[in-house]
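Student: Please read through the structure below; I'll follow up with questions.
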Amino acid sequence: MANVGEEVSNKQVIFKDYVTGFPKESDMYVTTSTIKLKVPEGSNAVLLKNLYLSCDPVMRILMQPVVPSDFSSYTPGSPLNGYGVAKVLDSGHPDFKVGDLVWGANTRWEEYSLTTATERLKKIKHTDVPLSYYTGLLGMPGVTAYAGFHEVCSPKKGEYVFVSAASGAIGQLVGQFAKLFGCYVVGSAGSKEKVDLLKNKFGFDDAFNYNEEHDLDAALKRYFPEGIDIYFENVGGKMLDAVLLNMRTHGRVAVCGMISQYNLDQTEGVKNLMHLIFKRIHVTGFAFLDYQYLYPKLLDTVLPYIKEGKIVYVEDIAEGLESGPAALVGLFKGRNKGKQVVVVARE
């Protein structure tokens with residue numbers, strides 16, 4: 001194990017250049033630099049040993065030169081970054097001490113990082129659960145699922161809930177939150193194996209493989225003969241169009257993501273928007289940034305659920321930093337089963 005003060009090699013995943021279409025492993029490459037395991041004298045920086053990295057669909061958006069105003073594009077020739085879990089090796093910051101475990105945004109895809117962006121880091125106080133959960137269930141996806149369902153959707157017991165991309169990092173949680181709340185829940189996913197996960201692992205009332213459905217409108221009518229009260233949107237495109245035909249009056253749509261559109265040069269249009277008027281449907285786009293204040297409430301709610309076995313969380317673990325590019329690209333091919341995590345080190 002390397003000691004503080006040593007100069008060591010530092011493996012990194014570098015973003016090569018801006019991407020059009022589906023990302024490829026060749027859009028990234030693994031290299032090795034060096035880093036001194038010491039915070040410079042007088043600096044308030046923190047030196048981190050990165051443990052777990054999160055693969056998230058939003059990372060595809062950051063691979064283009066023009067991004068929404070709340071985001072920053074990746075810099076060609078620099079490491080990728082995203083959410084991650086790390087251990088503090090050295091600190092010049094009064095709020096962080098050696099040995100602290102942290103999670104947060106802007107975690108660079110490298111073995112060791114020196115960062116001054118400490119405002120993006122949260123200390124991990126509960127270590128009796130897998131640390132990797134802080135990239136998912138107890139991190140950004142957890143807050144997004146919790147806020148999206150409970151705050152944005154304003155659910156009522158007994159309502160009919162549909163979740164697309166339901167076996168992913170966020171969808172699997174939304175379905176479980178909805179079931180715990182007393183709703184009827186159906187999810188869609190892209191394979192038989194994932195459909196089995198939804199029904200047998202996560203407790204969805206029913207689920208279907210969208211790749212086997214030639215008519216999404218007919219499929220939704222089959223699973224929701226009474227219509228849909230709440231749609232948790234992760235996909236966009238044809239699925240959203242079909243859902244609008246099947247929403248009930250005063251239904252709610254929480255728009256979390258649209259993964260079907262991220263790799264298209266020309267995004268698909270939505271044809272059934274008139275149903276927003278006919279059925280007085282409330283559609284709300286939202287993001288984790290809007291609901292970070294709910295993090296303590298998420299922990300208070302979810303930690304007991306984990307210990308009582310009322311919530312389960314499935315992760316797809318890729319071992320080693322060099323496996324990162326394939327794991328990230330796999331998100332857009334539907335290869336992951338559950339939350340995609342890259343393990344850099346296990347402490």
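How things are named: the first chain in the structure tokens is A, the next is B, and so on; residues count from 1 in each chain; ligands count from 1 in the order shown.
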Could you pull out the helix (DSSP H, G or I) residues of segment 58-267 of chain A, going by DSSP on the backbone, and write them as a ChimeraX atom specification?

Tutor: /A:58-61,118-120,131-135,140-152,171-181,192-200,210-212,216-223,237-246,259-261

Student: Considering only C-alpha atoms, return as an mmCIF file with all heavy atoms, in the first residue's frame whatever protein or nucleic-acid residues lie within 10 Å of Ala169 of chain A, sequence-local ones (same chain, fewer than 6 positions apart) excluded.

Tutor:
```
data_model
loop_
_atom_site.group_PDB
_atom_site.id
_atom_site.type_symbol
_atom_site.label_atom_id
_atom_site.label_comp_id
_atom_site.auth_asym_id
_atom_site.auth_seq_id
_atom_site.Cartn_x
_atom_site.Cartn_y
_atom_site.Cartn_z
ATOM 1 N N SER A 54 -19.351 5.825 -10.382
ATOM 2 C CA SER A 54 -20.718 5.634 -10.862
ATOM 3 C C SER A 54 -20.786 5.862 -12.363
ATOM 4 O O SER A 54 -20.271 6.860 -12.875
ATOM 5 C CB SER A 54 -21.650 6.632 -10.153
ATOM 6 O OG SER A 54 -22.970 6.529 -10.635
ATOM 7 N N CYS A 55 -21.424 4.923 -13.079
ATOM 8 C CA CYS A 55 -21.722 5.114 -14.501
ATOM 9 C C CYS A 55 -23.162 5.600 -14.620
ATOM 10 O O CYS A 55 -24.083 4.882 -14.205
ATOM 11 C CB CYS A 55 -21.550 3.810 -15.276
ATOM 12 S SG CYS A 55 -19.860 3.217 -15.373
ATOM 13 N N ASP A 56 -23.364 6.781 -15.169
ATOM 14 C CA ASP A 56 -24.697 7.374 -15.250
ATOM 15 C C ASP A 56 -24.988 7.852 -16.671
ATOM 16 O O ASP A 56 -24.084 8.375 -17.343
ATOM 17 C CB ASP A 56 -24.804 8.555 -14.282
ATOM 18 C CG ASP A 56 -24.662 8.115 -12.829
ATOM 19 O OD1 ASP A 56 -25.497 7.314 -12.387
ATOM 20 O OD2 ASP A 56 -23.715 8.570 -12.155
ATOM 21 N N THR A 135 -22.980 5.276 -4.540
ATOM 22 C CA THR A 135 -23.070 5.683 -5.949
ATOM 23 C C THR A 135 -24.496 5.496 -6.459
ATOM 24 O O THR A 135 -24.791 5.863 -7.597
ATOM 25 C CB THR A 135 -22.136 4.840 -6.851
ATOM 26 O OG1 THR A 135 -22.620 3.492 -6.920
ATOM 27 C CG2 THR A 135 -20.710 4.869 -6.356
ATOM 28 N N GLY A 136 -25.359 4.900 -5.652
ATOM 29 C CA GLY A 136 -26.696 4.543 -6.120
ATOM 30 C C GLY A 136 -27.778 4.803 -5.100
ATOM 31 O O GLY A 136 -28.223 5.928 -4.896
ATOM 32 N N LEU A 137 -28.184 3.751 -4.427
ATOM 33 C CA LEU A 137 -29.294 3.812 -3.476
ATOM 34 C C LEU A 137 -29.146 4.927 -2.451
ATOM 35 O O LEU A 137 -30.120 5.611 -2.109
ATOM 36 C CB LEU A 137 -29.385 2.446 -2.771
ATOM 37 C CG LEU A 137 -30.299 2.264 -1.578
ATOM 38 C CD1 LEU A 137 -31.738 2.602 -1.926
ATOM 39 C CD2 LEU A 137 -30.201 0.831 -1.071
ATOM 40 N N MET A 140 -26.809 9.931 -5.460
ATOM 41 C CA MET A 140 -27.617 10.716 -6.395
ATOM 42 C C MET A 140 -28.847 9.966 -6.909
ATOM 43 O O MET A 140 -29.964 10.506 -6.900
ATOM 44 C CB MET A 140 -26.736 11.201 -7.549
ATOM 45 C CG MET A 140 -27.470 11.987 -8.618
ATOM 46 S SD MET A 140 -28.259 10.967 -9.903
ATOM 47 C CE MET A 140 -26.831 10.403 -10.817
ATOM 48 N N PRO A 141 -28.723 8.702 -7.374
ATOM 49 C CA PRO A 141 -29.918 7.998 -7.850
ATOM 50 C C PRO A 141 -30.981 7.822 -6.764
ATOM 51 O O PRO A 141 -32.186 7.879 -7.045
ATOM 52 C CB PRO A 141 -29.368 6.654 -8.322
ATOM 53 C CG PRO A 141 -27.950 6.947 -8.684
ATOM 54 C CD PRO A 141 -27.494 7.925 -7.653
ATOM 55 N N GLY A 142 -30.541 7.602 -5.524
ATOM 56 C CA GLY A 142 -31.496 7.440 -4.427
ATOM 57 C C GLY A 142 -32.308 8.693 -4.189
ATOM 58 O O GLY A 142 -33.541 8.647 -4.057
ATOM 59 N N THR A 144 -32.782 11.099 -6.337
ATOM 60 C CA THR A 144 -33.584 11.352 -7.535
ATOM 61 C C THR A 144 -34.852 10.501 -7.525
ATOM 62 O O THR A 144 -35.951 11.004 -7.822
ATOM 63 C CB THR A 144 -32.758 11.046 -8.790
ATOM 64 O OG1 THR A 144 -31.555 11.833 -8.755
ATOM 65 C CG2 THR A 144 -33.523 11.382 -10.056
ATOM 66 N N ALA A 145 -34.727 9.231 -7.194
ATOM 67 C CA ALA A 145 -35.891 8.346 -7.145
ATOM 68 C C ALA A 145 -36.856 8.767 -6.041
ATOM 69 O O ALA A 145 -38.078 8.832 -6.251
ATOM 70 C CB ALA A 145 -35.440 6.902 -6.929
ATOM 71 N N TYR A 313 -31.295 -3.742 -3.536
ATOM 72 C CA TYR A 313 -30.636 -2.946 -4.579
ATOM 73 C C TYR A 313 -29.676 -3.833 -5.345
ATOM 74 O O TYR A 313 -28.825 -4.502 -4.746
ATOM 75 C CB TYR A 313 -29.893 -1.757 -3.964
ATOM 76 C CG TYR A 313 -29.612 -0.652 -4.953
ATOM 77 C CD1 TYR A 313 -30.653 -0.006 -5.609
ATOM 78 C CD2 TYR A 313 -28.313 -0.265 -5.252
ATOM 79 C CE1 TYR A 313 -30.413 0.999 -6.521
ATOM 80 C CE2 TYR A 313 -28.068 0.748 -6.159
ATOM 81 C CZ TYR A 313 -29.121 1.381 -6.790
ATOM 82 O OH TYR A 313 -28.888 2.378 -7.700
ATOM 83 N N VAL A 314 -29.832 -3.853 -6.656
ATOM 84 C CA VAL A 314 -28.996 -4.696 -7.507
ATOM 85 C C VAL A 314 -27.952 -3.838 -8.208
ATOM 86 O O VAL A 314 -28.293 -2.804 -8.816
ATOM 87 C CB VAL A 314 -29.856 -5.451 -8.543
ATOM 88 C CG1 VAL A 314 -28.974 -6.150 -9.569
ATOM 89 C CG2 VAL A 314 -30.746 -6.468 -7.833
ATOM 90 N N GLU A 315 -26.708 -4.252 -8.112
ATOM 91 C CA GLU A 315 -25.606 -3.545 -8.758
ATOM 92 C C GLU A 315 -24.956 -4.450 -9.806
ATOM 93 O O GLU A 315 -24.913 -5.670 -9.641
ATOM 94 C CB GLU A 315 -24.548 -3.147 -7.725
ATOM 95 C CG GLU A 315 -25.051 -2.195 -6.655
ATOM 96 C CD GLU A 315 -24.018 -1.948 -5.580
ATOM 97 O OE1 GLU A 315 -23.494 -2.946 -5.023
ATOM 98 O OE2 GLU A 315 -23.732 -0.784 -5.291
ATOM 99 N N ASP A 316 -24.453 -3.840 -10.848
ATOM 100 C CA ASP A 316 -23.661 -4.532 -11.862
ATOM 101 C C ASP A 316 -22.235 -4.021 -11.692
ATOM 102 O O ASP A 316 -21.939 -2.862 -12.001
ATOM 103 C CB ASP A 316 -24.210 -4.207 -13.253
ATOM 104 C CG ASP A 316 -23.673 -5.135 -14.330
ATOM 105 O OD1 ASP A 316 -22.503 -5.539 -14.219
ATOM 106 O OD2 ASP A 316 -24.410 -5.434 -15.277
ATOM 107 N N ASN A 336 -26.124 -3.501 -18.782
ATOM 108 C CA ASN A 336 -26.089 -3.528 -17.319
ATOM 109 C C ASN A 336 -27.384 -4.091 -16.745
ATOM 110 O O ASN A 336 -28.469 -3.881 -17.275
ATOM 111 C CB ASN A 336 -25.850 -2.121 -16.765
ATOM 112 C CG ASN A 336 -26.936 -1.146 -17.153
ATOM 113 O OD1 ASN A 336 -27.195 -0.922 -18.339
ATOM 114 N ND2 ASN A 336 -27.609 -0.563 -16.167
ATOM 115 N N LYS A 337 -27.235 -4.805 -15.658
ATOM 116 C CA LYS A 337 -28.391 -5.314 -14.909
ATOM 117 C C LYS A 337 -28.342 -4.671 -13.529
ATOM 118 O O LYS A 337 -27.642 -5.135 -12.638
ATOM 119 C CB LYS A 337 -28.336 -6.839 -14.820
ATOM 120 C CG LYS A 337 -28.393 -7.510 -16.188
ATOM 121 C CD LYS A 337 -28.175 -9.008 -16.092
ATOM 122 C CE LYS A 337 -28.114 -9.633 -17.482
ATOM 123 N NZ LYS A 337 -26.900 -9.203 -18.233
ATOM 124 N N GLY A 338 -29.083 -3.594 -13.361
ATOM 125 C CA GLY A 338 -29.030 -2.833 -12.128
ATOM 126 C C GLY A 338 -28.081 -1.655 -12.256
ATOM 127 O O GLY A 338 -27.695 -1.243 -13.341
ATOM 128 N N LYS A 339 -27.696 -1.122 -11.119
ATOM 129 C CA LYS A 339 -26.828 0.041 -11.066
ATOM 130 C C LYS A 339 -25.402 -0.315 -11.507
ATOM 131 O O LYS A 339 -24.769 -1.197 -10.922
ATOM 132 C CB LYS A 339 -26.804 0.589 -9.625
ATOM 133 C CG LYS A 339 -25.718 1.621 -9.366
ATOM 134 C CD LYS A 339 -25.926 2.867 -10.177
ATOM 135 C CE LYS A 339 -24.730 3.798 -10.065
ATOM 136 N NZ LYS A 339 -24.848 4.952 -10.956
ATOM 137 N N GLN A 340 -24.889 0.380 -12.524
ATOM 138 C CA GLN A 340 -23.541 0.095 -13.024
ATOM 139 C C GLN A 340 -22.491 0.833 -12.197
ATOM 140 O O GLN A 340 -22.517 2.056 -12.093
ATOM 141 C CB GLN A 340 -23.412 0.511 -14.494
ATOM 142 C CG GLN A 340 -22.077 0.145 -15.114
ATOM 143 C CD GLN A 340 -21.867 -1.350 -15.238
ATOM 144 O OE1 GLN A 340 -22.553 -2.026 -15.979
ATOM 145 N NE2 GLN A 340 -20.896 -1.872 -14.475
ATOM 146 N N VAL A 341 -21.592 0.055 -11.613
ATOM 147 C CA VAL A 341 -20.542 0.591 -10.749
ATOM 148 C C VAL A 341 -19.186 0.080 -11.234
ATOM 149 O O VAL A 341 -19.070 -1.084 -11.636
ATOM 150 C CB VAL A 341 -20.754 0.153 -9.278
ATOM 151 C CG1 VAL A 341 -19.661 0.729 -8.373
ATOM 152 C CG2 VAL A 341 -22.132 0.564 -8.787
#
```

Student: Which is closest to Glu111 of chain A among A:Val186, A:Val161, A:Val19, A:Ala86, if we use only C-alpha atoms?

Tutor: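 Result for the nearest residue to Glu111 of chain A: A:Ala86.
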
Student: At a cut-off of 8 Å, using only C-alpha atoms, what residues contact Val30 of chain A? Leave out same-chain residues fewer than 3 positions from it and give the result as a PyMOL selection string.

Tutor: chain A and resi 11-14+322

Student: Write out, as a tab-separated table (two decimals), in the first residue's frame, the residues just selected, with N, CA, C and O atoms.

Tutor:
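Result written to selection_15.tsv:
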```
chain	number	residue	atom	x	y	z
A	11	LYS	N	-3.33	5.56	-12.43
A	11	LYS	CA	-4.07	5.13	-13.63
A	11	LYS	C	-5.28	6.04	-13.82
A	11	LYS	O	-5.97	6.39	-12.85
A	12	GLN	N	-5.57	6.41	-15.08
A	12	GLN	CA	-6.67	7.33	-15.39
A	12	GLN	C	-7.42	6.86	-16.64
A	12	GLN	O	-6.84	6.23	-17.52
A	13	VAL	N	-8.71	7.20	-16.70
A	13	VAL	CA	-9.50	7.03	-17.93
A	13	VAL	C	-9.68	8.41	-18.53
A	13	VAL	O	-10.32	9.28	-17.92
A	14	ILE	N	-9.11	8.60	-19.72
A	14	ILE	CA	-9.09	9.92	-20.37
A	14	ILE	C	-10.18	9.99	-21.45
A	14	ILE	O	-10.36	9.05	-22.23
A	322	GLU	N	-9.68	0.03	-15.61
A	322	GLU	CA	-9.57	-0.22	-17.04
A	322	GLU	C	-10.87	-0.78	-17.63
A	322	GLU	O	-11.08	-0.74	-18.85
```

Student: Considering only C-alpha atoms, can you say which of A:Val174, A:Val102, A:Ala117, A:Ala318 comes closest to Glu151 of chain A?

Tutor: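 Comparing A:Val174, A:Val102, A:Ala117, A:Ala318 against Glu151 of chain A, the winner is A:Val174.
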
Student: Atom CA of Ile317 of chain A to atom CA of Asp27 of chain A: how many Å, to one decimal?

Tutor: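 It comes out at 21.3 Å.
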
Student: Can you pull out every residue within 10 Å of Pro79 of chain A, counting only C-alpha atoms, but drop anything in the same chain fewer than 3 positions away, and send it as JSON, numbers by chain?

Tutor: {"A": [11, 12, 13, 14, 15, 16, 28, 29, 30, 31, 74, 75, 76, 107, 108, 109, 110]}

Student: Output C-alpha atoms for every residue in that selection, as a PDB file, in the first residue's frame.

Tutor:
```
ATOM      1  CA  LYS A  11      -4.067   5.135 -13.629  1.00  0.00           C
ATOM      2  CA  GLN A  12      -6.667   7.331 -15.392  1.00  0.00           C
ATOM      3  CA  VAL A  13      -9.495   7.028 -17.925  1.00  0.00           C
ATOM      4  CA  ILE A  14      -9.087   9.919 -20.369  1.00  0.00           C
ATOM      5  CA  PHE A  15     -11.862  11.397 -22.508  1.00  0.00           C
ATOM      6  CA  LYS A  16     -10.472  11.492 -26.049  1.00  0.00           C
ATOM      7  CA  MET A  28     -11.829   6.957 -24.004  1.00  0.00           C
ATOM      8  CA  TYR A  29      -8.437   5.495 -23.210  1.00  0.00           C
ATOM      9  CA  VAL A  30      -6.552   4.335 -20.136  1.00  0.00           C
ATOM     10  CA  THR A  31      -3.216   5.913 -19.317  1.00  0.00           C
ATOM     11  CA  TYR A  74     -15.887  17.004 -20.408  1.00  0.00           C
ATOM     12  CA  THR A  75     -12.518  18.342 -21.508  1.00  0.00           C
ATOM     13  CA  PRO A  76     -10.816  16.287 -24.232  1.00  0.00           C
ATOM     14  CA  THR A 107     -14.958  12.329  -8.798  1.00  0.00           C
ATOM     15  CA  ARG A 108     -12.333  11.917 -11.477  1.00  0.00           C
ATOM     16  CA  TRP A 109     -11.874   8.558 -13.179  1.00  0.00           C
ATOM     17  CA  GLU A 110      -8.429   7.889 -11.729  1.00  0.00           C
TER      18      GLU A 110
END
```

Student: I'd like a table as JSON lines: residues in segment 163-184 of chain A with an atom no more than 12 Å from segment 236-240 of chain A, each row giving the shortest atom pair and its distance in Å to one decimal, only C-alpha atoms counted, sorted by chain and rising residue number.

Tutor:
```
{"residue": "A:Val163", "atom": "CA", "partner": "A:Met239", "partner_atom": "CA", "distance": 10.6}
{"residue": "A:Ser164", "atom": "CA", "partner": "A:Met239", "partner_atom": "CA", "distance": 8.1}
{"residue": "A:Ala165", "atom": "CA", "partner": "A:Gly236", "partner_atom": "CA", "distance": 10.2}
```

Student: Skip Tyr295 of chain A itself and residues of its chain fewer than 4 positions away, then list as number ranges by chain all residues within 8 Å of it, counting only C-alpha atoms.

Tutor: A: 143, 291, 299

Student: If you keep N, CA, C and O atoms, can you produce a file of those selected residues as a CSV table (one decimal), in the first residue's frame?

Tutor:
```csv
chain,number,residue,atom,x,y,z
A,143,VAL,N,-31.6,9.8,-4.1
A,143,VAL,CA,-32.3,11.1,-3.9
A,143,VAL,C,-33.3,11.4,-5.1
A,143,VAL,O,-34.4,11.8,-5.0
A,291,TYR,N,-33.2,18.8,-5.4
A,291,TYR,CA,-33.7,18.1,-4.2
A,291,TYR,C,-32.6,17.5,-3.3
A,291,TYR,O,-32.8,16.7,-2.5
A,299,LEU,N,-31.9,9.2,3.9
A,299,LEU,CA,-31.2,8.3,4.8
A,299,LEU,C,-32.1,7.8,5.9
A,299,LEU,O,-32.1,6.6,6.2
```

Student: Using only C-alpha atoms, determine which residues lie at most 12 Å from Glu213 of chain A, disregarding the query and same-chain residues fewer than 3 positions distant; provide the list as a compact mmCIF listing (two decimals) with N, CA, C and O atoms, in the first residue's frame.

Tutor:
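Printed below is selection_9.txt as written:
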```txt
# COMPACT_ATOMS: atom_id res chain seq x y z
N SER A 188 -41.12 -1.45 -17.33
CA SER A 188 -40.64 -1.98 -18.61
C SER A 188 -39.12 -2.05 -18.56
O SER A 188 -38.46 -1.25 -17.90
N ALA A 189 -38.59 -3.05 -19.27
CA ALA A 189 -37.15 -3.25 -19.37
C ALA A 189 -36.86 -3.92 -20.70
O ALA A 189 -37.77 -4.27 -21.44
N GLY A 190 -35.56 -4.13 -21.00
CA GLY A 190 -35.18 -4.55 -22.34
C GLY A 190 -34.82 -6.01 -22.52
O GLY A 190 -34.31 -6.39 -23.58
N SER A 191 -35.06 -6.85 -21.51
CA SER A 191 -34.75 -8.28 -21.66
C SER A 191 -35.62 -9.08 -20.70
O SER A 191 -36.14 -8.55 -19.71
N ALA A 207 -44.50 -6.60 -15.25
CA ALA A 207 -43.44 -5.98 -16.06
C ALA A 207 -43.46 -6.58 -17.45
O ALA A 207 -43.99 -7.68 -17.66
N PHE A 208 -42.90 -5.84 -18.41
CA PHE A 208 -42.83 -6.36 -19.76
C PHE A 208 -41.54 -5.93 -20.44
O PHE A 208 -40.91 -4.94 -20.05
N ASN A 209 -41.16 -6.71 -21.46
CA ASN A 209 -39.98 -6.45 -22.28
C ASN A 209 -40.42 -5.62 -23.48
O ASN A 209 -41.11 -6.14 -24.36
N TYR A 210 -40.01 -4.37 -23.52
CA TYR A 210 -40.46 -3.49 -24.61
C TYR A 210 -39.96 -3.95 -25.97
O TYR A 210 -40.56 -3.63 -27.00
N LEU A 216 -46.64 -0.41 -28.50
CA LEU A 216 -46.50 -0.01 -27.10
C LEU A 216 -47.83 0.47 -26.52
O LEU A 216 -48.12 0.25 -25.33
N ASP A 217 -48.64 1.12 -27.34
CA ASP A 217 -49.96 1.57 -26.89
C ASP A 217 -50.80 0.36 -26.45
O ASP A 217 -51.40 0.34 -25.36
N ALA A 218 -50.81 -0.68 -27.29
CA ALA A 218 -51.58 -1.88 -26.95
C ALA A 218 -51.02 -2.57 -25.71
O ALA A 218 -51.78 -3.07 -24.86
N ALA A 219 -49.69 -2.58 -25.58
CA ALA A 219 -49.08 -3.19 -24.40
C ALA A 219 -49.51 -2.47 -23.12
O ALA A 219 -49.88 -3.10 -22.13
N LEU A 220 -49.47 -1.14 -23.15
CA LEU A 220 -49.86 -0.37 -21.97
C LEU A 220 -51.34 -0.55 -21.65
O LEU A 220 -51.72 -0.61 -20.47
N ARG A 222 -52.94 -3.22 -22.13
CA ARG A 222 -53.04 -4.56 -21.56
C ARG A 222 -52.65 -4.56 -20.09
O ARG A 222 -53.29 -5.23 -19.26
N LYS A 238 -40.74 6.98 -28.34
CA LYS A 238 -41.98 6.24 -28.62
C LYS A 238 -42.69 5.81 -27.34
O LYS A 238 -43.92 5.72 -27.31
N MET A 239 -41.93 5.53 -26.29
CA MET A 239 -42.56 5.13 -25.04
C MET A 239 -43.38 6.28 -24.46
O MET A 239 -44.53 6.09 -24.02
N ALA A 242 -46.61 6.71 -26.37
CA ALA A 242 -47.61 5.69 -26.04
C ALA A 242 -48.21 5.93 -24.65
O ALA A 242 -49.42 5.73 -24.45
```

Student: Identify which of the residues A:Leu331, A:Leu138, A:Val88, A:Met247 lies closest to Pro57 of chain A, counting only C-alpha atoms when measuring atom-to-atom distances.

Tutor: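 When distances to Pro57 of chain A are compared using only C-alpha atoms, the smallest one comes from A:Leu331.
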
Student: Quick one: residues within 10 Å of Tyr160 of chain A, only C-alpha atoms counted, chain neighbours fewer than 3 positions away excluded, as JSON, numbers by chain?

Tutor: {"A": [155, 156, 157, 178, 182, 183, 184, 185, 186, 224, 226, 227, 228, 229, 230, 231, 247, 248, 251]}

Student: Between atom CA of Pro325 of chain A and atom CA of Ala345 of chain A, what is the distance, to one decimal in Å?

Tutor: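 Rounded to one decimal, the two atoms are 16.5 Å apart.
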
Student: For the atom pair atom CA of Arg60 of chain A and atom CA of Tyr293 of chain A, what is the interatomic distance in Å to one decimal place?

Tutor: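 Calculated distance between atom CA of Arg60 of chain A and atom CA of Tyr293 of chain A is 25.9 Å.
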
Student: So, counting only C-alpha atoms, which residue among A:Asn50, A:Gln176, A:Asn211, A:Ser78 is closest to Glu347 of chain A?

Tutor: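 Selected residue with least distance to Glu347 of chain A: A:Asn50.
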
Student: Between A:Val39, A:Leu321, A:Val270, A:Met258, which has the minimum distance to Val342 of chain A (counting only C-alpha atoms)?

Tutor: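 When distances to Val342 of chain A are compared using only C-alpha atoms, the smallest one comes from A:Leu321.
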